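Data file: my_file_18.txt. Format and content: compact mmCIF, C-alpha atoms.
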```txt
# COMPACT_ATOMS: atom_id res chain seq x y z
CA MET O 352 0.00 0.00 0.00
CA ASN O 353 1.67 3.20 -1.19
CA ARG O 354 -0.95 5.90 -0.83
CA ILE O 355 -3.81 6.31 1.61
CA VAL O 356 -6.33 9.12 1.28
CA VAL O 357 -8.38 10.24 4.28
CA VAL O 358 -11.28 12.52 3.39
CA GLY O 359 -12.37 14.62 6.35
CA ALA O 360 -9.98 16.47 8.67
CA SER O 361 -11.85 16.59 11.94
CA ALA O 362 -11.58 14.24 14.93
CA ALA O 363 -12.14 10.99 13.01
CA GLY O 364 -9.85 11.86 10.10
CA LEU O 365 -7.13 13.04 12.45
CA ALA O 366 -7.35 9.88 14.54
CA ALA O 367 -7.12 7.84 11.34
CA VAL O 368 -3.96 9.50 10.03
CA GLU O 369 -2.28 9.38 13.42
CA THR O 370 -3.07 5.71 13.79
CA LEU O 371 -1.85 4.91 10.29
CA ARG O 372 1.52 6.47 11.08
CA ARG O 373 1.71 4.90 14.53
CA GLU O 374 0.97 1.49 13.04
CA GLY O 375 3.83 1.90 10.61
CA PHE O 376 2.28 3.11 7.37
CA ASP O 377 5.14 4.98 5.71
CA GLY O 378 3.69 5.85 2.32
CA THR O 379 2.00 8.98 1.05
CA LEU O 380 -0.78 10.01 3.41
CA THR O 381 -3.22 12.58 2.09
CA LEU O 382 -5.68 14.31 4.44
CA VAL O 383 -8.44 16.30 2.74
CA GLY O 384 -10.43 18.83 4.77
CA GLU O 385 -13.20 21.10 3.54
CA GLU O 386 -12.66 23.68 6.26
CA THR O 387 -9.56 25.84 6.08
CA HIS O 388 -8.69 25.28 9.75
CA ALA O 389 -6.32 22.61 10.98
CA PRO O 390 -8.21 19.87 12.87
CA TYR O 391 -10.10 21.34 15.81
CA ASP O 392 -12.44 20.20 18.53
CA ARG O 393 -16.20 20.71 18.25
CA PRO O 394 -17.76 19.91 21.65
CA PRO O 395 -16.53 23.19 23.18
CA LEU O 396 -18.30 25.17 20.44
CA SER O 397 -21.66 24.95 22.23
CA LYS O 398 -19.98 25.33 25.64
CA GLN O 399 -16.81 27.34 26.30
CA ILE O 400 -16.65 29.05 22.89
CA LEU O 401 -20.27 30.17 22.89
CA ALA O 402 -19.83 31.35 26.49
CA ALA O 403 -16.74 33.35 25.43
CA GLN O 404 -14.69 31.54 28.07
CA TRP O 405 -12.11 30.23 25.62
CA ASP O 406 -10.09 31.77 22.89
CA PRO O 407 -10.69 29.69 19.74
CA VAL O 408 -6.98 28.80 19.58
CA ARG O 409 -7.68 26.37 22.42
CA LEU O 410 -9.77 24.29 20.00
CA ALA O 411 -6.73 23.09 18.05
CA LEU O 412 -6.48 19.32 18.36
CA ARG O 413 -2.76 19.24 17.61
CA THR O 414 0.12 21.68 17.55
CA PRO O 415 1.71 22.59 14.21
CA ASP O 416 4.73 20.50 15.24
CA GLN O 417 2.57 17.47 15.94
CA LEU O 418 0.88 17.80 12.55
CA ALA O 419 4.21 18.24 10.80
CA ALA O 420 5.51 15.05 12.42
CA LEU O 421 2.75 13.11 10.62
CA ARG O 422 4.29 14.02 7.22
CA LEU O 423 0.89 14.61 5.69
CA ASP O 424 -0.05 15.67 2.23
CA LEU O 425 -2.50 18.06 3.90
CA ARG O 426 -5.23 19.55 1.69
CA LEU O 427 -7.23 22.04 3.74
CA GLY O 428 -9.98 24.04 2.07
CA ALA O 429 -10.39 21.19 -0.42
CA THR O 430 -13.74 19.56 -1.10
CA ALA O 431 -14.13 15.98 -2.27
CA ALA O 432 -16.58 15.85 -5.15
CA GLY O 433 -16.59 12.26 -6.32
CA LEU O 434 -15.38 8.72 -5.78
CA ASP O 435 -14.64 5.95 -8.27
CA PRO O 436 -13.85 2.84 -6.19
CA GLY O 437 -13.07 0.80 -9.31
CA ALA O 438 -10.37 3.18 -10.39
CA GLN O 439 -9.45 3.85 -6.73
CA ARG O 440 -9.70 7.57 -7.25
CA VAL O 441 -11.13 10.52 -5.34
CA ARG O 442 -12.04 13.59 -7.37
CA LEU O 443 -11.76 17.01 -5.74
CA ALA O 444 -14.06 19.92 -6.55
CA ASP O 445 -11.20 21.75 -8.29
CA GLY O 446 -10.85 18.80 -10.68
CA GLU O 447 -7.74 17.23 -9.19
CA ALA O 448 -7.77 13.43 -8.93
CA LEU O 449 -6.26 11.64 -5.95
CA ASP O 450 -5.42 7.99 -6.61
CA TYR O 451 -5.33 5.75 -3.58
CA ASP O 452 -4.59 2.23 -2.46
CA GLY O 453 -6.66 2.72 0.67
CA LEU O 454 -9.40 5.23 1.50
CA ILE O 455 -11.01 6.36 4.73
CA ILE O 456 -14.18 8.44 4.52
CA ALA O 457 -14.70 10.79 7.47
CA THR O 458 -16.71 13.64 5.97
CA GLY O 459 -18.98 14.07 8.97
CA VAL O 460 -22.37 15.71 9.00
CA ARG O 461 -23.84 19.15 8.48
CA PRO O 462 -26.72 20.77 10.33
CA ARG O 463 -30.24 20.44 9.07
CA ARG O 464 -31.75 23.84 8.40
CA LEU O 465 -35.12 25.47 8.16
CA SER O 466 -36.27 27.65 5.34
CA GLY O 467 -36.09 31.37 5.91
CA PRO O 468 -33.33 33.93 6.33
CA GLY O 469 -30.75 34.64 8.95
CA ALA O 470 -30.87 31.68 11.30
CA HIS O 471 -27.76 30.37 13.02
CA VAL O 472 -26.61 26.77 13.03
CA LEU O 473 -23.81 25.44 15.20
CA ARG O 474 -21.30 23.06 13.70
CA THR O 475 -18.17 25.01 12.79
CA VAL O 476 -16.04 27.43 14.74
CA GLY O 477 -17.10 30.22 12.40
CA GLN O 478 -20.76 29.52 13.10
CA ALA O 479 -20.14 29.41 16.85
CA LEU O 480 -18.31 32.73 16.82
CA ALA O 481 -21.04 34.31 14.68
CA LEU O 482 -23.67 33.34 17.25
CA ARG O 483 -21.47 34.26 20.18
CA ASP O 484 -21.04 37.76 18.80
CA ARG O 485 -24.82 38.25 18.79
CA LEU O 486 -25.54 37.06 22.32
CA ARG O 487 -25.84 39.98 24.73
CA PRO O 488 -27.80 40.52 27.94
CA GLY O 489 -31.43 41.11 27.12
CA LYS O 490 -31.22 39.76 23.57
CA ARG O 491 -33.99 37.37 22.67
CA LEU O 492 -32.79 34.00 21.39
CA ALA O 493 -35.10 31.35 19.98
CA VAL O 494 -33.57 27.87 19.90
CA VAL O 495 -35.36 25.45 17.60
CA GLY O 496 -34.77 21.89 18.76
CA ALA O 497 -34.20 20.83 22.38
CA GLY O 498 -31.70 18.06 21.73
CA PHE O 499 -28.38 18.16 23.55
CA LEU O 500 -26.91 20.81 21.23
CA GLY O 501 -29.89 23.13 21.48
CA ALA O 502 -30.17 22.59 25.22
CA GLU O 503 -26.49 23.39 25.78
CA ALA O 504 -26.73 26.54 23.70
CA ALA O 505 -29.87 27.61 25.57
CA ALA O 506 -28.07 27.14 28.89
CA VAL O 507 -25.09 29.19 27.74
CA ALA O 508 -27.34 31.96 26.41
CA ARG O 509 -29.17 32.15 29.74
CA GLY O 510 -25.82 32.42 31.48
CA LEU O 511 -25.04 35.39 29.24
CA GLY O 512 -28.28 37.08 30.23
CA CYS O 513 -30.26 36.42 27.07
CA VAL O 514 -34.02 35.87 27.04
CA VAL O 515 -34.35 32.33 25.71
CA VAL O 516 -37.22 30.36 24.25
CA LEU O 517 -36.60 26.69 23.49
CA LEU O 518 -38.96 25.20 20.90
CA GLU O 519 -39.34 21.44 20.63
CA PRO O 520 -41.74 19.49 18.42
CA ALA O 521 -41.83 16.42 20.68
CA PRO O 522 -43.99 16.41 23.83
CA VAL O 523 -40.88 15.86 25.97
CA PRO O 524 -37.36 16.85 24.91
CA LEU O 525 -34.86 14.02 24.44
CA ALA O 526 -37.45 11.37 25.27
CA HIS O 527 -36.51 9.23 22.24
CA ALA O 528 -32.91 9.08 23.43
CA ALA O 529 -33.01 9.34 27.21
CA GLY O 530 -36.58 8.42 28.14
CA VAL O 531 -39.53 10.54 29.18
CA ASP O 532 -38.51 11.02 32.83
CA VAL O 533 -34.96 12.14 32.10
CA GLY O 534 -36.20 14.35 29.27
CA GLN O 535 -38.72 15.93 31.62
CA MET O 536 -36.00 16.53 34.22
CA ILE O 537 -33.87 18.36 31.65
CA SER O 538 -36.90 20.34 30.53
CA ASP O 539 -37.61 21.30 34.16
CA LEU O 540 -33.98 22.27 34.65
CA HIS O 541 -34.24 24.78 31.82
CA ARG O 542 -37.52 26.18 33.11
CA ALA O 543 -35.94 26.59 36.56
CA HIS O 544 -33.25 28.68 34.88
CA GLY O 545 -35.80 30.91 33.23
CA VAL O 546 -35.96 29.38 29.75
CA ASP O 547 -39.38 29.46 28.12
CA VAL O 548 -39.56 25.78 27.11
CA ARG O 549 -42.37 25.13 24.65
CA THR O 550 -42.91 21.51 23.70
CA GLY O 551 -45.18 20.01 21.09
CA VAL O 552 -44.69 22.98 18.79
CA ALA O 553 -43.97 22.56 15.11
CA VAL O 554 -41.81 25.27 13.59
CA SER O 555 -42.51 25.93 9.93
CA ALA O 556 -39.83 28.48 9.05
CA VAL O 557 -37.46 31.13 10.20
CA ALA O 558 -39.11 34.51 9.64
CA ASP O 559 -38.25 38.17 9.88
CA GLY O 560 -38.24 38.92 13.57
CA GLY O 561 -38.36 35.36 14.84
CA VAL O 562 -39.73 31.92 14.16
CA ARG O 563 -43.01 31.06 12.45
CA LEU O 564 -44.91 28.15 13.99
CA ALA O 565 -46.98 25.77 11.92
CA GLY O 566 -50.16 27.34 13.31
CA GLY O 567 -49.08 30.75 12.05
CA GLU O 568 -47.92 32.27 15.34
CA LEU O 569 -44.69 34.29 15.27
CA VAL O 570 -42.34 33.63 18.19
CA GLU O 571 -40.40 36.86 18.31
CA ALA O 572 -36.64 36.71 18.62
CA ASP O 573 -33.58 38.78 17.79
CA GLU O 574 -31.57 35.67 16.94
CA VAL O 575 -32.61 32.15 15.96
CA LEU O 576 -30.53 29.01 16.41
CA VAL O 577 -31.70 25.96 14.48
CA ALA O 578 -30.53 22.75 16.21
CA ILE O 579 -32.73 20.07 14.67
CA GLY O 580 -30.14 17.43 13.92
CA SER O 581 -27.74 16.71 11.11
CA ARG O 582 -27.39 15.10 7.73
CA PRO O 583 -24.42 12.93 6.75
CA ASN O 584 -22.16 14.45 4.11
CA THR O 585 -22.49 11.70 1.53
CA GLU O 586 -23.65 13.53 -1.60
CA TRP O 587 -20.13 13.42 -3.00
CA LEU O 588 -20.43 9.62 -2.96
CA ASP O 589 -23.58 9.51 -5.10
CA GLY O 590 -22.99 7.17 -8.01
CA SER O 591 -19.90 5.62 -6.41
CA GLY O 592 -21.63 2.31 -5.80
CA LEU O 593 -21.23 2.58 -2.03
CA THR O 594 -24.42 1.96 -0.09
CA LEU O 595 -25.67 5.27 1.28
CA ASP O 596 -28.39 4.85 3.86
CA ASP O 597 -28.37 7.69 6.38
CA GLY O 598 -24.59 7.51 6.27
CA VAL O 599 -22.03 5.32 4.56
CA ARG O 600 -23.10 1.75 5.15
CA CYS O 601 -20.25 -0.34 6.60
CA ASP O 602 -19.75 -3.79 8.02
CA GLN O 603 -18.49 -4.52 11.54
CA TYR O 604 -14.94 -3.68 10.44
CA CYS O 605 -16.03 -0.20 9.26
CA ALA O 606 -15.46 -1.34 5.67
CA ALA O 607 -17.76 0.11 3.00
CA ALA O 608 -16.06 -1.65 0.08
CA PRO O 609 -12.71 -3.38 -0.46
CA GLY O 610 -10.04 -0.91 0.64
CA VAL O 611 -12.66 1.70 1.55
CA TYR O 612 -13.51 2.41 5.19
CA ALA O 613 -15.62 5.04 6.95
CA ALA O 614 -15.40 6.56 10.42
CA GLY O 615 -17.04 9.15 12.60
CA ASP O 616 -20.39 10.90 12.23
CA VAL O 617 -20.77 9.87 8.58
CA ALA O 618 -20.35 6.12 9.13
CA ARG O 619 -23.26 3.74 9.67
CA TRP O 620 -21.68 0.50 10.69
CA PHE O 621 -22.77 -2.75 12.26
CA ASN O 622 -21.89 -2.70 15.96
CA PRO O 623 -21.69 -6.36 16.98
CA LEU O 624 -21.91 -5.48 20.68
CA PHE O 625 -25.51 -4.38 20.20
CA GLY O 626 -26.23 -6.47 17.12
CA GLU O 627 -27.43 -3.58 15.02
CA SER O 628 -26.27 -0.95 12.60
CA MET O 629 -25.81 2.50 14.07
CA ARG O 630 -24.47 5.93 13.26
CA ILE O 631 -23.07 7.81 16.24
CA GLU O 632 -22.46 11.57 16.35
CA HIS O 633 -20.33 11.57 19.48
CA ARG O 634 -16.88 13.02 19.88
CA THR O 635 -15.41 9.89 21.43
CA ASN O 636 -16.75 7.66 18.70
CA ALA O 637 -15.09 9.78 16.05
CA ALA O 638 -11.65 9.17 17.53
CA GLU O 639 -12.23 5.51 18.33
CA GLN O 640 -13.70 4.72 14.94
CA GLY O 641 -11.00 6.65 13.11
CA MET O 642 -8.45 4.47 14.88
CA ALA O 643 -10.39 1.28 14.21
CA ALA O 644 -10.87 2.03 10.52
CA ALA O 645 -7.18 2.81 10.12
CA ARG O 646 -6.13 -0.44 11.77
CA ASN O 647 -8.54 -2.49 9.72
CA LEU O 648 -7.42 -0.81 6.51
CA LEU O 649 -3.93 -2.02 7.42
CA GLY O 650 -5.25 -5.54 7.93
CA ALA O 651 -6.09 -5.83 11.64
CA ALA O 652 -9.49 -7.44 10.88
CA ARG O 653 -10.84 -6.40 14.30
CA PRO O 654 -14.60 -5.78 14.66
CA PHE O 655 -15.42 -2.30 15.95
CA ALA O 656 -17.65 -2.96 18.97
CA PRO O 657 -17.51 0.10 21.20
CA VAL O 658 -19.69 1.22 24.07
CA PRO O 659 -20.67 4.72 22.87
CA TYR O 660 -20.08 7.58 25.30
CA PHE O 661 -21.21 11.18 25.44
CA TRP O 662 -21.42 13.97 27.93
CA SER O 663 -23.37 17.21 28.10
CA ASP O 664 -22.92 20.34 30.20
CA GLN O 665 -26.05 22.33 31.02
CA TYR O 666 -25.79 25.05 33.68
CA ASP O 667 -23.93 23.36 36.54
CA LEU O 668 -25.26 19.92 35.63
CA LYS O 669 -22.92 17.47 33.97
CA ILE O 670 -24.52 14.52 32.21
CA HIS O 671 -22.56 11.41 31.27
CA ALA O 672 -23.95 8.50 29.28
CA TYR O 673 -22.60 5.16 28.12
CA GLY O 674 -24.16 2.73 25.71
CA HIS O 675 -26.86 2.79 23.06
CA LEU O 676 -29.72 4.53 24.83
CA ARG O 677 -31.89 4.83 21.73
CA GLY O 678 -32.32 1.09 21.66
CA HIS O 679 -33.96 0.86 25.09
CA ASP O 680 -37.43 -0.39 25.93
CA THR O 681 -37.29 0.21 29.70
CA VAL O 682 -35.54 2.77 31.85
CA ALA O 683 -35.15 2.67 35.62
CA ILE O 684 -33.63 5.08 38.12
CA VAL O 685 -31.29 2.75 40.00
CA GLU O 686 -29.43 5.30 42.12
CA GLY O 687 -30.23 8.75 43.47
CA ASP O 688 -33.28 10.83 42.71
CA LEU O 689 -34.38 12.57 39.52
CA ALA O 690 -35.97 15.42 41.46
CA GLU O 691 -32.62 16.18 43.09
CA ARG O 692 -30.91 16.02 39.70
CA ARG O 693 -28.54 13.46 41.12
CA PHE O 694 -29.24 10.04 39.69
CA LEU O 695 -28.19 7.14 37.55
CA ALA O 696 -30.64 5.74 35.02
CA ALA O 697 -30.22 2.25 33.54
CA TYR O 698 -31.59 1.50 30.06
CA ARG O 699 -32.47 -2.01 29.01
CA ARG O 700 -33.68 -3.76 25.91
CA ALA O 701 -35.27 -7.18 26.15
CA GLY O 702 -33.79 -7.45 29.63
CA ARG O 703 -30.25 -6.65 28.61
CA LEU O 704 -28.43 -3.57 29.93
CA VAL O 705 -27.77 -1.35 26.89
CA GLY O 706 -26.97 2.01 28.48
CA VAL O 707 -26.65 4.22 31.53
CA LEU O 708 -27.05 7.96 31.97
CA ALA O 709 -25.95 9.78 35.08
CA ALA O 710 -26.19 13.35 36.28
CA GLY O 711 -24.71 14.85 39.40
CA MET O 712 -23.00 11.57 40.25
CA PRO O 713 -19.28 10.94 40.72
CA PRO O 714 -18.30 9.97 37.15
CA LYS O 715 -15.96 7.27 38.35
CA THR O 716 -18.92 5.18 39.50
CA LEU O 717 -19.95 4.86 35.85
CA ARG O 718 -16.96 2.79 34.87
CA ALA O 719 -18.35 -0.41 36.34
CA TRP O 720 -21.57 0.19 34.42
CA ARG O 721 -19.67 0.65 31.20
CA THR O 722 -17.99 -2.69 31.80
CA ALA O 723 -21.38 -4.30 32.43
CA ILE O 724 -22.69 -2.90 29.13
CA ALA O 725 -19.60 -4.11 27.28
CA ASN O 726 -20.12 -7.57 28.77
CA GLY O 727 -23.74 -7.65 27.64
CA ALA O 728 -24.96 -7.95 31.19
CA PRO O 729 -28.50 -9.24 31.63
CA SER O 730 -30.82 -7.23 33.84
CA ALA O 731 -30.17 -9.36 36.93
CA VAL O 732 -26.51 -8.45 36.84
CA GLY O 733 -27.26 -4.87 35.98
CA GLU O 734 -29.39 -4.24 39.08
CA GLY O 735 -27.73 -1.97 41.58
CA VAL O 736 -24.09 -0.99 41.32
CA PRO O 737 -22.19 -3.72 39.51
CA SER O 738 -19.13 -4.86 41.40
CA MET V 1326 7.70 10.20 26.84
CA ARG V 1327 6.20 12.83 29.12
CA ILE V 1328 2.49 13.52 29.68
CA GLU V 1329 1.18 17.07 29.65
CA PHE V 1330 -2.32 17.14 31.05
CA ASP V 1331 -4.52 20.21 30.46
CA GLU V 1332 -6.73 19.77 33.50
CA PRO V 1333 -9.22 22.59 32.78
CA LYS V 1334 -10.07 20.85 29.51
CA CYS V 1335 -10.82 17.50 31.15
CA VAL V 1336 -14.49 16.50 30.93
CA ALA V 1337 -14.23 13.57 33.35
CA ALA V 1338 -15.06 10.96 30.73
CA GLY V 1339 -12.59 8.53 32.27
CA GLN V 1340 -11.55 7.11 28.89
CA CYS V 1341 -7.86 7.48 29.84
CA ALA V 1342 -8.29 5.60 33.12
CA MET V 1343 -10.02 2.76 31.32
CA VAL V 1344 -7.44 2.49 28.54
CA ALA V 1345 -4.33 3.04 30.69
CA PRO V 1346 -5.30 2.34 34.32
CA ASP V 1347 -1.68 2.17 35.47
CA VAL V 1348 -1.04 5.70 34.31
CA PHE V 1349 -4.36 7.54 34.78
CA ASP V 1350 -7.05 7.57 37.44
CA GLN V 1351 -10.02 9.84 38.20
CA ARG V 1352 -10.72 11.98 41.23
CA ASP V 1353 -13.51 10.45 43.25
CA GLU V 1354 -15.53 13.66 43.66
CA ASP V 1355 -15.70 15.03 40.11
CA GLY V 1356 -14.07 12.44 37.88
CA VAL V 1357 -11.34 14.75 36.61
CA ALA V 1358 -8.33 12.74 35.50
CA ILE V 1359 -5.23 12.26 37.63
CA VAL V 1360 -1.88 11.46 36.06
CA LEU V 1361 -0.28 8.74 38.15
CA GLU V 1362 2.82 8.39 35.99
CA PRO V 1363 3.81 11.66 34.27
CA ALA V 1364 6.78 9.90 32.63
CA PRO V 1365 5.43 6.42 31.85
CA GLY V 1366 7.84 3.61 31.14
CA PRO V 1367 8.04 1.83 27.77
CA GLU V 1368 5.62 -0.89 28.89
CA HIS V 1369 2.85 1.72 29.22
CA GLN V 1370 3.50 3.83 26.15
CA ASP V 1371 1.14 2.09 23.73
CA ALA V 1372 -1.71 2.41 26.21
CA VAL V 1373 -0.85 6.05 26.89
CA ARG V 1374 -0.88 6.87 23.17
CA GLU V 1375 -4.28 5.21 22.95
CA ALA V 1376 -5.49 7.21 25.95
CA ALA V 1377 -4.33 10.48 24.42
CA ALA V 1378 -6.01 9.59 21.14
CA VAL V 1379 -9.40 8.70 22.64
CA CYS V 1380 -9.54 11.57 25.14
CA PRO V 1381 -12.76 13.34 24.08
CA ALA V 1382 -11.47 16.66 25.39
CA ALA V 1383 -8.04 16.51 23.75
CA ALA V 1384 -6.63 17.21 27.20
CA ILE V 1385 -3.69 14.78 27.05
CA ARG V 1386 -0.60 15.80 25.14
CA LEU V 1387 2.46 13.62 24.76
CA VAL V 1388 5.89 15.23 24.58
CA GLY V 1389 9.18 13.70 23.54
CA GLU V 1390 7.83 10.63 21.82
```
Let me see the structure of the file written as structure tokens.
Amino acid sequence: MNRIVVVGASAAGLAAVETLRREGFDGTLTLVGEETHAPYDRPPLSKQILAAQWDPVRLALRTPDQLAALRLDLRLGATAAGLDPGAQRVRLADGEALDYDGLIIATGVRPRRLSGPGAHVLRTVGQALALRDRLRPGKRLAVVGAGFLGAEAAAVARGLGCVVVLLEPAPVPLAHAAGVDVGQMISDLHRAHGVDVRTGVAVSAVADGGVRLAGGELVEADEVLVAIGSRPNTEWLDGSGLTLDDGVRCDQYCAAAPGVYAAGDVARWFNPLFGESMRIEHRTNAAEQGMAAARNLLGAARPFAPVPYFWSDQYDLKIHAYGHLRGHDTVAIVEGDLAERRFLAAYRRAGRLVGVLAAGMPPKTLRAWRTAIANGAPSAVGEGVPS
Amino acid sequence: MRIEFDEPKCVAAGQCAMVAPDVFDQRDEDGVAIVLEPAPGPEHQDAVREAAAVCPAAAIRLVGE
């Protein structure tokens, strides 16, 4: 293998190129990134960056020296426009062709948007800074979508003294992921901090002066943030022959085709630990899957079977979660008390422990639960704190 | 190899302590990482590189590799 191309220069792509070098790949290593910035971290965008606590230089994932040591053919500001797996060739938007012996696709996702002018989305550092510059005490911010991103941004905006309305189409925010009770707790948390949380409202468009609801009402706002989920960046793969199905469809080795792997937010792969295909938009998964895809491209033949992990900061509450919560059919509070916002919730599917979510708990106590999830613990073992 | 740990960045995920338990631990009260071995020996270096790579906060930097 003489040349490997990695398309996507965020956490997953960076982890891939680092792993390739660490595992001894000594050939030409091309890293293509659409943004002009060197690889940077995204979770702080809706936290410390939006709150103006950090200078954006702190987002850099590696120093210039560390990047130089990787001896990359680094193409920043370059957009991949097509793939021909038969010819083993990636085409860039400027017409250049990159031939490869191995390819890793890590092109991530982009925010879904609503029709209408002037709304913010929050995915890139530029977008975060644009919103940050508009948030001032007394400004009215409407956040459309009360998922974790929207909820974090709402919390930061309240901390900055903004008047915040949080609009959510579902009856309870986050219920599909975390269950009704946990979703209600988070909703109550925002109300306690003065956010006008409106659930069960359908937003039809961004409008002059605010947000237009499906019923015609205008929710007035100075700024609008749309946080209604993401779409995988796979259009450049149309016609390539790869299976595109809400992401790049991969097997348990993260392989999409011979010599072609995918990692990070864009990859939908079969996770053998849970026995289903999933696409995970978590920071930790990006790094772990980038590493796994790189190793498998080099021949490791190791199934990628992680326990997903994410965290969320809202006000002074820190939420940690392990596992595949979306797959649950029952949820039980097994420690603490939801009303005190100090609890651990266990999620099960067909009796098997598939996830835990904790808030206000010592994070270290979660490690045993992660192990129990990784071991496929049945409910009897999952009751109480696993030893 | 020397470990530089940017503690204010740590999000208490505990990934490092799970990947390299001889080198990292977590504080009991808030889960923030603790570096047990700032200059880990050769037997730990693969695990430490893995820990730095999976840290979701990019808070672990390795110097002098």
Which residues of chain V are close to chain O, meaning at most 12 Å apart when you count only C-alpha atoms, and how do they look as number ranges by chain?
-> V: 1331, 1333-1344, 1346, 1350-1359, 1370-1371, 1374-1390
Taken to one decimal, the atom CA of Glu385 of chain O-atom CA of Leu443 of chain O distance is 10.2 Å
Contacts of segment 618-660 of chain O with segment 580-589 of chain O up to 12 Å, shortest pair per row, only C-alpha atoms, as a tab-separated table:
```
residue	atom	partner	partner_atom	distance
O:Ala618	CA	O:Pro583	CA	8.3
O:Arg619	CA	O:Pro583	CA	9.7
O:Arg630	CA	O:Pro583	CA	9.6
O:Ile631	CA	O:Pro583	CA	10.9
O:Glu632	CA	O:Ser581	CA	9.0
```
If you keep C-alpha atoms, can you produce a file of those selected residues as a compact mmCIF listing (two decimals), in the coordinates of the input?
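Result file result24.txt:
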```txt
# COMPACT_ATOMS: atom_id res chain seq x y z
CA ALA O 618 -20.35 6.12 9.13
CA ARG O 619 -23.26 3.74 9.67
CA ARG O 630 -24.47 5.93 13.26
CA ILE O 631 -23.07 7.81 16.24
CA GLU O 632 -22.46 11.57 16.35
```
* Which value, in Å to one decimal, gives the distance between atom CA of Val514 of chain O and atom CA of Arg485 of chain O? ->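 Those two atoms sit 12.6 Å apart.
Proximity to Gly359 of chain O at 9 Å, evaluated using only C-alpha atoms and with sequence-adjacent residues fewer than 4 positions away removed, yields Ala363, Gly364, Leu365, Leu382, Val383, Gly384, Glu385, Ala431, Ile455, Ile456, Ala457, Thr458 and Gly459 of chain O.
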Just to be explicit: take each residue in the selection above, keep C-alpha atoms, and write the result as a compact mmCIF listing (two decimals), in the frame of the given file.
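Saved file selection13.txt follows:
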```txt
# COMPACT_ATOMS: atom_id res chain seq x y z
CA ALA O 363 -12.14 10.99 13.01
CA GLY O 364 -9.85 11.86 10.10
CA LEU O 365 -7.13 13.04 12.45
CA LEU O 382 -5.68 14.31 4.44
CA VAL O 383 -8.44 16.30 2.74
CA GLY O 384 -10.43 18.83 4.77
CA GLU O 385 -13.20 21.10 3.54
CA ALA O 431 -14.13 15.98 -2.27
CA ILE O 455 -11.01 6.36 4.73
CA ILE O 456 -14.18 8.44 4.52
CA ALA O 457 -14.70 10.79 7.47
CA THR O 458 -16.71 13.64 5.97
CA GLY O 459 -18.98 14.07 8.97
```
| query | Excluding same-chain residues fewer than 3 positions from segment 675-688 of chain O, what lies within 9 Å of it counting all atoms listed in the file, as a PyMOL selection string? | reply | chain O and resi 527-530+532+625+658-660+672+691-702+704-708+712+734-736
Given the selection you just returned, output its residues as a file containing C-alpha atoms, formatted as a PDB file, in the frame of the given file.
```pdb
ATOM      1  CA  HIS O 527     -36.510   9.230  22.240  1.00  0.00           C
ATOM      2  CA  ALA O 528     -32.910   9.080  23.430  1.00  0.00           C
ATOM      3  CA  ALA O 529     -33.010   9.340  27.210  1.00  0.00           C
ATOM      4  CA  GLY O 530     -36.580   8.420  28.140  1.00  0.00           C
ATOM      5  CA  ASP O 532     -38.510  11.020  32.830  1.00  0.00           C
ATOM      6  CA  PHE O 625     -25.510  -4.380  20.200  1.00  0.00           C
ATOM      7  CA  VAL O 658     -19.690   1.220  24.070  1.00  0.00           C
ATOM      8  CA  PRO O 659     -20.670   4.720  22.870  1.00  0.00           C
ATOM      9  CA  TYR O 660     -20.080   7.580  25.300  1.00  0.00           C
ATOM     10  CA  ALA O 672     -23.950   8.500  29.280  1.00  0.00           C
ATOM     11  CA  GLU O 691     -32.620  16.180  43.090  1.00  0.00           C
ATOM     12  CA  ARG O 692     -30.910  16.020  39.700  1.00  0.00           C
ATOM     13  CA  ARG O 693     -28.540  13.460  41.120  1.00  0.00           C
ATOM     14  CA  PHE O 694     -29.240  10.040  39.690  1.00  0.00           C
ATOM     15  CA  LEU O 695     -28.190   7.140  37.550  1.00  0.00           C
ATOM     16  CA  ALA O 696     -30.640   5.740  35.020  1.00  0.00           C
ATOM     17  CA  ALA O 697     -30.220   2.250  33.540  1.00  0.00           C
ATOM     18  CA  TYR O 698     -31.590   1.500  30.060  1.00  0.00           C
ATOM     19  CA  ARG O 699     -32.470  -2.010  29.010  1.00  0.00           C
ATOM     20  CA  ARG O 700     -33.680  -3.760  25.910  1.00  0.00           C
ATOM     21  CA  ALA O 701     -35.270  -7.180  26.150  1.00  0.00           C
ATOM     22  CA  GLY O 702     -33.790  -7.450  29.630  1.00  0.00           C
ATOM     23  CA  LEU O 704     -28.430  -3.570  29.930  1.00  0.00           C
ATOM     24  CA  VAL O 705     -27.770  -1.350  26.890  1.00  0.00           C
ATOM     25  CA  GLY O 706     -26.970   2.010  28.480  1.00  0.00           C
ATOM     26  CA  VAL O 707     -26.650   4.220  31.530  1.00  0.00           C
ATOM     27  CA  LEU O 708     -27.050   7.960  31.970  1.00  0.00           C
ATOM     28  CA  MET O 712     -23.000  11.570  40.250  1.00  0.00           C
ATOM     29  CA  GLU O 734     -29.390  -4.240  39.080  1.00  0.00           C
ATOM     30  CA  GLY O 735     -27.730  -1.970  41.580  1.00  0.00           C
ATOM     31  CA  VAL O 736     -24.090  -0.990  41.320  1.00  0.00           C
TER      32      VAL O 736
END
```
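For the pair atom CA of Ala479 of chain O and atom CA of Leu396 of chain O, the interatomic distance is 5.9 Å.
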Set the distance at 8 Å and use only C-alpha atoms: which residues neighbour Val472 of chain O once local chain neighbours fewer than 2 positions away are removed? I'd like the list as a compact mmCIF listing (two decimals) with C-alpha atoms, in the coordinates of the input.
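So the final result, stored in result.txt, reads:
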```
# COMPACT_ATOMS: atom_id res chain seq x y z
CA PRO O 462 -26.72 20.77 10.33
CA ARG O 464 -31.75 23.84 8.40
CA ALA O 470 -30.87 31.68 11.30
CA ARG O 474 -21.30 23.06 13.70
CA GLN O 478 -20.76 29.52 13.10
CA ALA O 479 -20.14 29.41 16.85
CA LEU O 576 -30.53 29.01 16.41
CA VAL O 577 -31.70 25.96 14.48
CA ALA O 578 -30.53 22.75 16.21
```
